[in-house]
>>> print(open('query17.txt').read())   # compact mmCIF, C-alpha atoms
# COMPACT_ATOMS: atom_id res chain seq x y z
CA MET A 599 11.19 29.11 7.18
CA LYS A 600 9.86 25.65 7.90
CA LYS A 601 10.66 22.10 6.90
CA GLY A 602 7.92 20.50 4.86
CA VAL A 603 6.64 16.94 4.92
CA LEU A 604 4.44 15.50 2.19
CA LEU A 605 2.63 12.26 2.97
CA ILE A 606 1.16 10.56 -0.11
CA ASN A 607 -1.44 7.83 -0.32
CA LEU A 608 -3.34 6.30 -3.21
CA GLY A 609 -6.66 8.12 -2.98
CA THR A 610 -10.34 7.48 -2.59
CA PRO A 611 -13.65 8.41 -4.21
CA LYS A 612 -15.36 11.52 -2.86
CA SER A 613 -18.34 9.36 -1.93
CA PRO A 614 -19.46 5.76 -2.56
CA SER A 615 -21.84 6.92 -5.27
CA ARG A 616 -21.47 5.33 -8.69
CA LYS A 617 -20.64 8.76 -10.19
CA HIS A 618 -17.79 9.49 -7.80
CA VAL A 619 -16.44 5.94 -7.92
CA ARG A 620 -16.46 6.11 -11.72
CA GLN A 621 -14.49 9.38 -11.65
CA TYR A 622 -11.97 7.89 -9.25
CA LEU A 623 -11.50 4.69 -11.25
CA SER A 624 -11.14 6.64 -14.47
CA GLN A 625 -8.29 8.76 -13.11
CA PHE A 626 -6.65 5.80 -11.40
CA LEU A 627 -6.79 3.26 -14.21
CA ASN A 628 -5.84 5.67 -16.98
CA ASP A 629 -2.47 6.16 -15.28
CA ARG A 630 0.23 4.81 -17.62
CA ARG A 631 2.09 3.23 -14.70
CA VAL A 632 -0.99 1.40 -13.40
CA ILE A 633 -2.01 -0.16 -16.71
CA ASP A 634 1.25 -0.14 -18.63
CA ILE A 635 0.11 -0.89 -22.15
CA HIS A 636 -0.12 1.19 -25.34
CA PRO A 637 -2.02 4.45 -24.62
CA ILE A 638 -4.73 3.77 -27.21
CA ALA A 639 -5.26 0.22 -25.96
CA ARG A 640 -5.35 1.49 -22.37
CA ALA A 641 -7.93 4.16 -23.18
CA LEU A 642 -10.18 1.66 -24.96
CA LEU A 643 -9.82 -0.94 -22.22
CA VAL A 644 -10.30 1.41 -19.28
CA ASN A 645 -12.91 3.80 -20.61
CA GLY A 646 -14.79 1.35 -22.78
CA ILE A 647 -14.79 -1.78 -20.63
CA ILE A 648 -13.33 -1.66 -17.12
CA VAL A 649 -14.76 1.58 -15.72
CA PRO A 650 -18.31 1.23 -17.14
CA PHE A 651 -18.64 -2.35 -15.93
CA ARG A 652 -16.72 -2.05 -12.66
CA ALA A 653 -18.04 1.24 -11.28
CA GLY A 654 -21.33 -0.16 -10.01
CA LYS A 655 -19.77 -3.13 -8.26
CA SER A 656 -17.01 -1.02 -6.74
CA ALA A 657 -19.57 1.53 -5.50
CA LYS A 658 -21.38 -1.23 -3.57
CA LEU A 659 -18.10 -2.32 -1.97
CA TYR A 660 -17.22 1.23 -0.95
CA LYS A 661 -20.68 1.67 0.56
CA SER A 662 -20.09 -1.40 2.73
CA ILE A 663 -17.03 0.19 4.41
CA TRP A 664 -18.01 3.89 4.30
CA THR A 665 -18.40 5.54 7.69
CA LYS A 666 -20.38 8.57 8.84
CA ASP A 667 -17.11 10.53 8.63
CA GLY A 668 -16.32 9.33 5.13
CA SER A 669 -13.68 7.10 3.53
CA PRO A 670 -11.65 5.05 6.05
CA LEU A 671 -8.47 5.54 4.01
CA LEU A 672 -8.87 9.31 4.03
CA ILE A 673 -9.80 9.41 7.72
CA HIS A 674 -6.77 7.35 8.77
CA SER A 675 -4.47 9.36 6.51
CA LYS A 676 -5.71 12.68 7.91
CA ASN A 677 -5.35 11.41 11.46
CA LEU A 678 -1.76 10.40 10.66
CA GLN A 679 -1.06 13.84 9.19
CA ARG A 680 -2.48 15.51 12.31
CA ASP A 681 -0.54 13.36 14.76
CA LEU A 682 2.73 13.66 12.85
CA GLN A 683 2.31 17.44 12.77
CA THR A 684 1.88 17.44 16.55
CA ALA A 685 4.90 15.18 17.02
CA LEU A 686 7.17 17.30 14.80
CA GLY A 687 6.10 20.67 16.20
CA ASN A 688 6.03 24.17 14.80
CA ASP A 689 9.28 23.96 12.84
CA TYR A 690 7.58 21.58 10.43
CA VAL A 691 4.50 21.68 8.28
CA VAL A 692 2.90 18.37 7.30
CA GLU A 693 0.57 18.02 4.32
CA LEU A 694 -1.32 15.08 2.86
CA GLY A 695 -1.72 14.48 -0.86
CA MET A 696 -3.59 11.73 -2.69
CA ARG A 697 -2.33 10.50 -6.03
CA TYR A 698 -5.91 10.24 -7.27
CA LYS A 699 -8.71 12.69 -6.40
CA ASN A 700 -8.50 14.88 -3.31
CA PRO A 701 -6.68 16.33 -1.48
CA SER A 702 -4.40 16.32 -4.50
CA ILE A 703 -0.61 16.27 -4.48
CA HIS A 704 -0.68 19.61 -6.30
CA GLU A 705 -2.81 21.14 -3.55
CA ALA A 706 -0.62 19.70 -0.81
CA LEU A 707 2.59 21.00 -2.39
CA ASP A 708 1.03 24.41 -2.93
CA ASN A 709 0.13 24.53 0.76
CA LEU A 710 3.74 23.74 1.63
CA ARG A 711 4.94 26.50 -0.66
CA LYS A 712 2.55 29.06 0.84
CA GLN A 713 3.74 28.15 4.33
CA GLY A 714 7.37 28.75 3.40
CA ALA A 715 8.73 25.20 3.31
CA GLU A 716 12.42 25.52 2.41
CA SER A 717 12.84 21.76 2.17
CA ILE A 718 10.40 18.87 1.67
CA THR A 719 10.55 15.26 2.77
CA VAL A 720 8.30 13.23 0.47
CA ILE A 721 6.98 9.94 1.85
CA PRO A 722 4.72 7.83 -0.36
CA LEU A 723 2.98 5.62 2.18
CA TYR A 724 3.90 2.35 0.47
CA PRO A 725 6.41 0.17 2.35
CA GLN A 726 7.46 -1.78 -0.75
CA TYR A 727 8.42 0.03 -3.95
CA ALA A 728 6.27 -0.44 -7.05
CA SER A 729 6.12 1.63 -10.20
CA SER A 730 2.30 1.65 -10.07
CA SER A 731 2.20 3.10 -6.53
CA THR A 732 5.41 4.81 -5.41
CA GLY A 733 6.59 5.50 -8.94
CA THR A 734 3.45 7.28 -10.09
CA ALA A 735 3.22 9.27 -6.85
CA LEU A 736 6.74 10.59 -7.35
CA ASP A 737 6.00 11.28 -11.02
CA GLU A 738 3.24 13.62 -9.90
CA VAL A 739 5.45 15.33 -7.31
CA TYR A 740 8.15 16.04 -9.89
CA ARG A 741 5.56 17.24 -12.41
CA CYS A 742 4.17 19.74 -9.92
CA LEU A 743 7.59 20.98 -8.75
CA ARG A 744 8.67 21.54 -12.35
CA ASP A 745 6.53 24.68 -12.47
CA TRP A 746 7.86 26.20 -9.23
CA GLU A 747 9.96 29.32 -9.61
CA VAL A 748 12.13 28.21 -6.69
CA THR A 749 12.71 24.49 -6.32
CA PRO A 750 13.24 23.47 -2.68
CA SER A 751 15.57 20.78 -1.41
CA VAL A 752 13.71 17.50 -1.67
CA LYS A 753 14.32 14.21 0.11
CA VAL A 754 12.36 11.16 -1.01
CA ILE A 755 11.75 8.03 1.03
CA SER A 756 10.76 5.72 -1.80
CA LYS A 757 10.53 2.54 0.32
CA PHE A 758 10.72 1.69 3.99
CA TYR A 759 10.26 -2.07 4.21
CA ASP A 760 13.99 -2.10 5.01
CA ARG A 761 13.86 0.41 7.90
CA ASP A 762 13.92 -0.83 11.48
CA GLU A 763 11.38 1.73 12.69
CA PHE A 764 8.74 0.22 10.40
CA TYR A 765 9.04 -3.08 12.24
CA THR A 766 9.17 -1.42 15.64
CA ALA A 767 5.77 0.03 14.80
CA TRP A 768 4.43 -3.40 13.79
CA LYS A 769 5.83 -4.90 16.98
CA SER A 770 4.00 -2.29 19.02
CA LEU A 771 0.75 -2.76 17.10
CA ALA A 772 0.64 -6.56 16.85
CA GLY A 773 2.70 -7.53 19.88
CA ASP A 774 -0.38 -8.52 21.87
CA TYR A 775 -1.32 -11.33 19.47
CA ASN A 776 -0.42 -14.79 20.70
CA PHE A 777 0.90 -16.30 17.49
CA THR A 778 1.09 -19.77 19.01
CA GLU A 779 -2.74 -19.81 19.16
CA TYR A 780 -3.03 -19.73 15.35
CA ASP A 781 -2.61 -22.69 13.05
CA HIS A 782 -1.22 -20.54 10.25
CA ILE A 783 -0.27 -16.93 9.46
CA VAL A 784 -0.95 -15.38 6.04
CA PHE A 785 1.02 -12.32 4.93
CA SER A 786 -1.13 -10.82 2.19
CA TYR A 787 0.28 -8.12 -0.09
CA HIS A 788 -1.41 -6.21 -2.89
CA GLY A 789 -0.88 -8.03 -6.16
CA LEU A 790 0.81 -6.76 -9.32
CA PRO A 791 1.01 -8.04 -12.90
CA ALA A 792 4.09 -10.27 -13.10
CA ARG A 793 5.35 -8.31 -16.11
CA GLN A 794 5.70 -5.15 -13.98
CA VAL A 795 7.95 -7.00 -11.55
CA ILE A 796 10.11 -8.24 -14.41
CA LYS A 797 10.34 -4.71 -15.87
CA ALA A 798 11.54 -3.33 -12.53
CA GLY A 799 14.26 -5.97 -12.40
CA LYS A 800 15.52 -5.03 -15.85
CA HIS A 801 15.99 -1.43 -14.69
CA TYR A 802 19.07 -2.57 -12.77
CA GLY A 803 20.27 -4.95 -15.44
CA ASN A 804 18.59 -8.09 -14.11
CA ASP A 805 17.45 -9.78 -17.33
CA THR A 806 17.08 -13.24 -15.80
CA CYS A 807 14.13 -12.70 -13.42
CA LYS A 808 11.81 -15.71 -13.53
CA ILE A 809 9.59 -14.71 -10.58
CA GLY A 810 11.26 -17.35 -8.43
CA THR A 811 14.09 -17.85 -5.97
CA CYS A 812 15.78 -14.61 -6.97
CA CYS A 813 13.53 -12.97 -4.37
CA ASN A 814 14.98 -15.07 -1.54
CA ASP A 815 17.26 -12.23 -0.52
CA ILE A 816 17.78 -8.55 -1.33
CA THR A 817 20.56 -7.59 -3.72
CA LYS A 818 21.52 -4.49 -5.67
CA ASN A 819 19.56 -5.88 -8.63
CA ASN A 820 16.26 -6.46 -6.81
CA GLN A 821 16.27 -3.75 -4.14
CA TYR A 822 13.34 -2.10 -5.97
CA CYS A 823 11.63 -5.35 -7.01
CA TYR A 824 8.18 -5.33 -5.44
CA ARG A 825 8.03 -9.10 -5.03
CA ALA A 826 11.49 -9.23 -3.42
CA ASN A 827 10.48 -6.35 -1.13
CA CYS A 828 7.37 -8.27 -0.04
CA TYR A 829 9.23 -11.50 0.71
CA GLU A 830 11.84 -9.58 2.68
CA THR A 831 9.06 -7.91 4.67
CA THR A 832 7.66 -11.33 5.51
CA ARG A 833 11.09 -12.63 6.56
CA ARG A 834 11.61 -9.70 8.91
CA LEU A 835 8.14 -10.01 10.44
CA VAL A 836 8.62 -13.75 10.90
CA ARG A 837 11.87 -13.13 12.78
CA LEU A 838 10.29 -10.32 14.76
CA PHE A 839 7.37 -12.42 15.97
CA GLN A 840 9.34 -15.70 16.08
CA ILE A 841 6.96 -17.53 13.75
CA PRO A 842 8.24 -21.05 12.94
CA GLU A 843 9.06 -22.15 9.38
CA GLY A 844 6.12 -23.85 7.73
CA LYS A 845 3.58 -21.90 9.76
CA TYR A 846 3.21 -18.95 7.40
CA THR A 847 2.55 -18.11 3.75
CA THR A 848 3.29 -15.04 1.65
CA ALA A 849 0.48 -14.34 -0.83
CA PHE A 850 -0.92 -11.61 -3.07
CA GLN A 851 -4.44 -10.23 -3.20
CA SER A 852 -6.62 -8.03 -5.45
CA ARG A 853 -5.66 -9.67 -8.73
CA LEU A 854 -7.40 -8.82 -12.01
CA ASP A 855 -6.33 -11.88 -14.04
CA ASP A 856 -4.21 -15.02 -13.86
CA LYS A 857 -1.01 -13.23 -14.88
CA TRP A 858 -0.57 -11.52 -11.52
CA LEU A 859 1.81 -12.50 -8.73
CA LYS A 860 1.11 -15.85 -7.11
CA PRO A 861 0.07 -17.45 -4.83
CA TYR A 862 -3.29 -15.71 -4.64
CA SER A 863 -4.41 -14.84 -1.13
CA ASP A 864 -8.03 -15.91 -1.60
CA LYS A 865 -6.93 -19.32 -2.88
CA VAL A 866 -4.49 -19.74 0.00
CA VAL A 867 -7.21 -18.90 2.52
CA GLU A 868 -9.57 -21.34 0.82
CA GLU A 869 -7.06 -24.20 0.91
CA LEU A 870 -5.91 -23.83 4.53
CA PRO A 871 -8.95 -25.54 6.17
CA LYS A 872 -8.40 -28.54 3.88
CA LYS A 873 -4.94 -28.89 5.44
CA GLY A 874 -6.40 -28.83 8.94
CA TYR A 875 -5.75 -25.17 9.68
CA LYS A 876 -8.92 -23.96 11.38
CA LYS A 877 -7.70 -20.74 13.02
CA ILE A 878 -5.59 -18.27 11.03
CA LEU A 879 -4.25 -14.73 11.31
CA VAL A 880 -3.88 -12.45 8.29
CA PHE A 881 -1.34 -9.60 8.08
CA SER A 882 -1.47 -7.02 5.29
CA PRO A 883 1.98 -5.36 5.47
CA ALA A 884 1.64 -3.55 2.13
CA PHE A 885 -1.01 -1.24 3.62
CA VAL A 886 -0.31 1.30 6.34
CA ALA A 887 -3.90 2.59 6.40
CA ASP A 888 -7.03 0.45 6.50
CA CYS A 889 -8.98 0.64 3.27
CA LEU A 890 -11.17 -1.39 0.93
CA GLU A 891 -8.48 -4.04 0.52
CA THR A 892 -8.11 -4.67 4.25
CA ILE A 893 -11.57 -3.92 5.66
CA TYR A 894 -13.66 -5.62 2.99
CA GLU A 895 -11.39 -7.92 1.00
CA ILE A 896 -9.69 -9.47 4.04
CA GLY A 897 -12.13 -8.71 6.83
CA THR A 898 -15.28 -9.73 4.96
CA GLU A 899 -14.54 -11.61 1.73
CA TYR A 900 -11.68 -13.78 2.99
CA ASP A 901 -13.50 -14.43 6.23
CA GLU A 902 -16.46 -15.78 4.24
CA ILE A 903 -14.21 -17.87 2.00
CA PHE A 904 -12.39 -19.33 4.98
CA HIS A 905 -15.54 -20.28 6.87
CA HIS A 906 -17.20 -21.69 3.77
CA ALA A 907 -14.15 -23.93 3.27
CA GLY A 908 -14.45 -25.26 6.83
CA GLY A 909 -12.36 -22.77 8.77
CA VAL A 910 -13.40 -21.71 12.26
CA GLN A 911 -11.74 -18.35 12.93
CA LEU A 912 -9.99 -15.77 10.75
CA ASP A 913 -8.51 -12.75 12.50
CA TRP A 914 -6.77 -9.90 10.73
CA VAL A 915 -4.26 -7.40 12.03
CA ARG A 916 -5.36 -3.81 11.50
CA SER A 917 -3.04 -1.48 9.61
CA LEU A 918 -0.69 0.94 11.34
CA ASN A 919 -3.08 3.85 10.67
CA ASN A 920 -2.06 6.54 13.20
CA HIS A 921 -0.65 4.23 15.87
CA PRO A 922 1.77 6.20 18.09
CA ALA A 923 4.71 3.94 17.20
CA TRP A 924 4.05 4.53 13.49
CA VAL A 925 3.91 8.27 14.04
CA GLU A 926 7.22 8.02 15.90
CA ALA A 927 8.76 6.10 13.00
CA LEU A 928 7.75 8.79 10.52
CA LYS A 929 9.03 11.48 12.87
CA THR A 930 12.42 9.78 12.92
CA TRP A 931 12.63 9.71 9.13
CA CYS A 932 11.49 13.32 8.77
CA THR A 933 14.09 14.64 11.20
CA GLU A 934 16.93 12.97 9.27
CA PHE A 935 16.71 15.76 6.67
>>> encode(input="query17.txt", output="structure tokens")
Amino acid sequence: MKKGVLLINLGTPKSPSRKHVRQYLSQFLNDRRVIDIHPIARALLVNGIIVPFRAGKSAKLYKSIWTKDGSPLLIHSKNLQRDLQTALGNDYVVELGMRYKNPSIHEALDNLRKQGAESITVIPLYPQYASSSTGTALDEVYRCLRDWEVTPSVKVISKFYDRDEFYTAWKSLAGDYNFTEYDHIVFSYHGLPARQVIKAGKHYGNDTCKIGTCCNDITKNNQYCYRANCYETTRRLVRLFQIPEGKYTTAFQSRLDDKWLKPYSDKVVEELPKKGYKKILVFSPAFVADCLETIYEIGTEYDEIFHHAGGVQLDWVRSLNNHPAWVEALKTWCTEF
């Protein structure tokens, strides 16, 4: 009998073709946790407007980051799976599942079952909890396990922004940067609709969330609030790298409309040169594997915005990917069970 580990990431199209991108977007955006509106309204919006009009543009973006080996997100995730398997040894079996498209969570769990996993540690690879990422990934895990004749012992790591090993990995990865050489540091997290953050707060009885100072520390009411998780991540990274107050900004990227979490990363990047900040460094601590949002949105789009606004140099810190210190962090969490 072995101990199983299930790593979960968001997913990726099979190829950057319009057909495969359309299939990916359709599965992704029809998820009730991603677009949390009435099912009929969601179906009309996603299938009648968003996917038909967005597929072509998204396909071009995916083509710009695609490598000869395929999707960067999938490559980094598979490399992490491989290295964690090596680190854990033969008593463990590590599988990778994507919430959308392949390899699927169902396929990954079935592989664990066939290899005799008597227990499973489930790790959605999202540092900060959100219903539309961690929540939907766990939904799918529970849905698949419901049909098993024998249900194994399951441990879930639903967030890890509050675990020391996560920051040890960042220290190892980004420790060579000389932060004093930069005029400003931007911590850019994936955005969410503000209403989803408020809904998460209400789960623990917090009916007074105003998307404000309530995120200045972590309490029992906001421990699963995505925005609070992000600000706490920034605070810990600032202490870790000894970044002075006033020299950094927490912002949110990838918004779809003006009702998402603010400030918006692209607007922050655009405004910094006007304040005299000519050399900046961008962290993306919501992503542990480089993907469209880091490689293109930050590495290309924000770089262009910054230079167009008068900036001189924008550097960005790569994601943890399969860095040895990140593998060691995951190994530590897996061996707790």
>>> atom_distance(input="query17.txt", atom1="atom CA of A:Lys797", atom2="atom CA of A:Thr848")
21.5 Å
>>> closest_atom_pairs(input="query17.txt", of="stretch 846-910 of chain A", to="stretch 667-683 of chain A", cutoff="10 Å", atoms="all atoms listed in the file", output="CSV")
residue,atom,partner,partner_atom,distance
A:Val886,CA,A:Ser675,CA,9.1
A:Ala887,CA,A:Leu671,CA,5.9
A:Asp888,CA,A:Leu671,CA,5.8
A:Cys889,CA,A:Leu671,CA,5.0
A:Leu890,CA,A:Leu671,CA,8.0
A:Ile893,CA,A:Pro670,CA,9.0
>>> write_last_selection(input="query17.txt", atoms="C-alpha atoms", output="PDB file, in the coordinates of the input")
ATOM      1  CA  VAL A 886      -0.310   1.300   6.340  1.00  0.00           C
ATOM      2  CA  ALA A 887      -3.900   2.590   6.400  1.00  0.00           C
ATOM      3  CA  ASP A 888      -7.030   0.450   6.500  1.00  0.00           C
ATOM      4  CA  CYS A 889      -8.980   0.640   3.270  1.00  0.00           C
ATOM      5  CA  LEU A 890     -11.170  -1.390   0.930  1.00  0.00           C
ATOM      6  CA  ILE A 893     -11.570  -3.920   5.660  1.00  0.00           C
TER       7      ILE A 893
END
>>> closest_residue(input="query17.txt", among="A:Glu705, A:Asp760, A:Glu843, A:Glu869", to="A:Leu743", atoms="all atoms listed in the file")
A:Glu705
>>> closest_residue(input="query17.txt", among="A:Gln794, A:Ser729, A:Ser917, A:Asn688", to="A:Lys857", atoms="all atoms listed in the file")
A:Gln794
>>> atom_distance(input="query17.txt", atom1="atom CA of A:Ser731", atom2="atom CA of A:Leu627")
11.8 Å
>>> residues_around(input="query17.txt", residues="stretch 769-776 of chain A", least_positions_apart="4", cutoff="8 Å", atoms="all atoms listed in the file", output="list in words")
Tyr765, Tyr780, Leu838, Phe839, Val915, Leu918, His921 and Ala923 of chain A
>>> atom_distance(input="query17.txt", atom1="atom CA of A:Val720", atom2="atom CA of A:Phe785")
26.9 Å
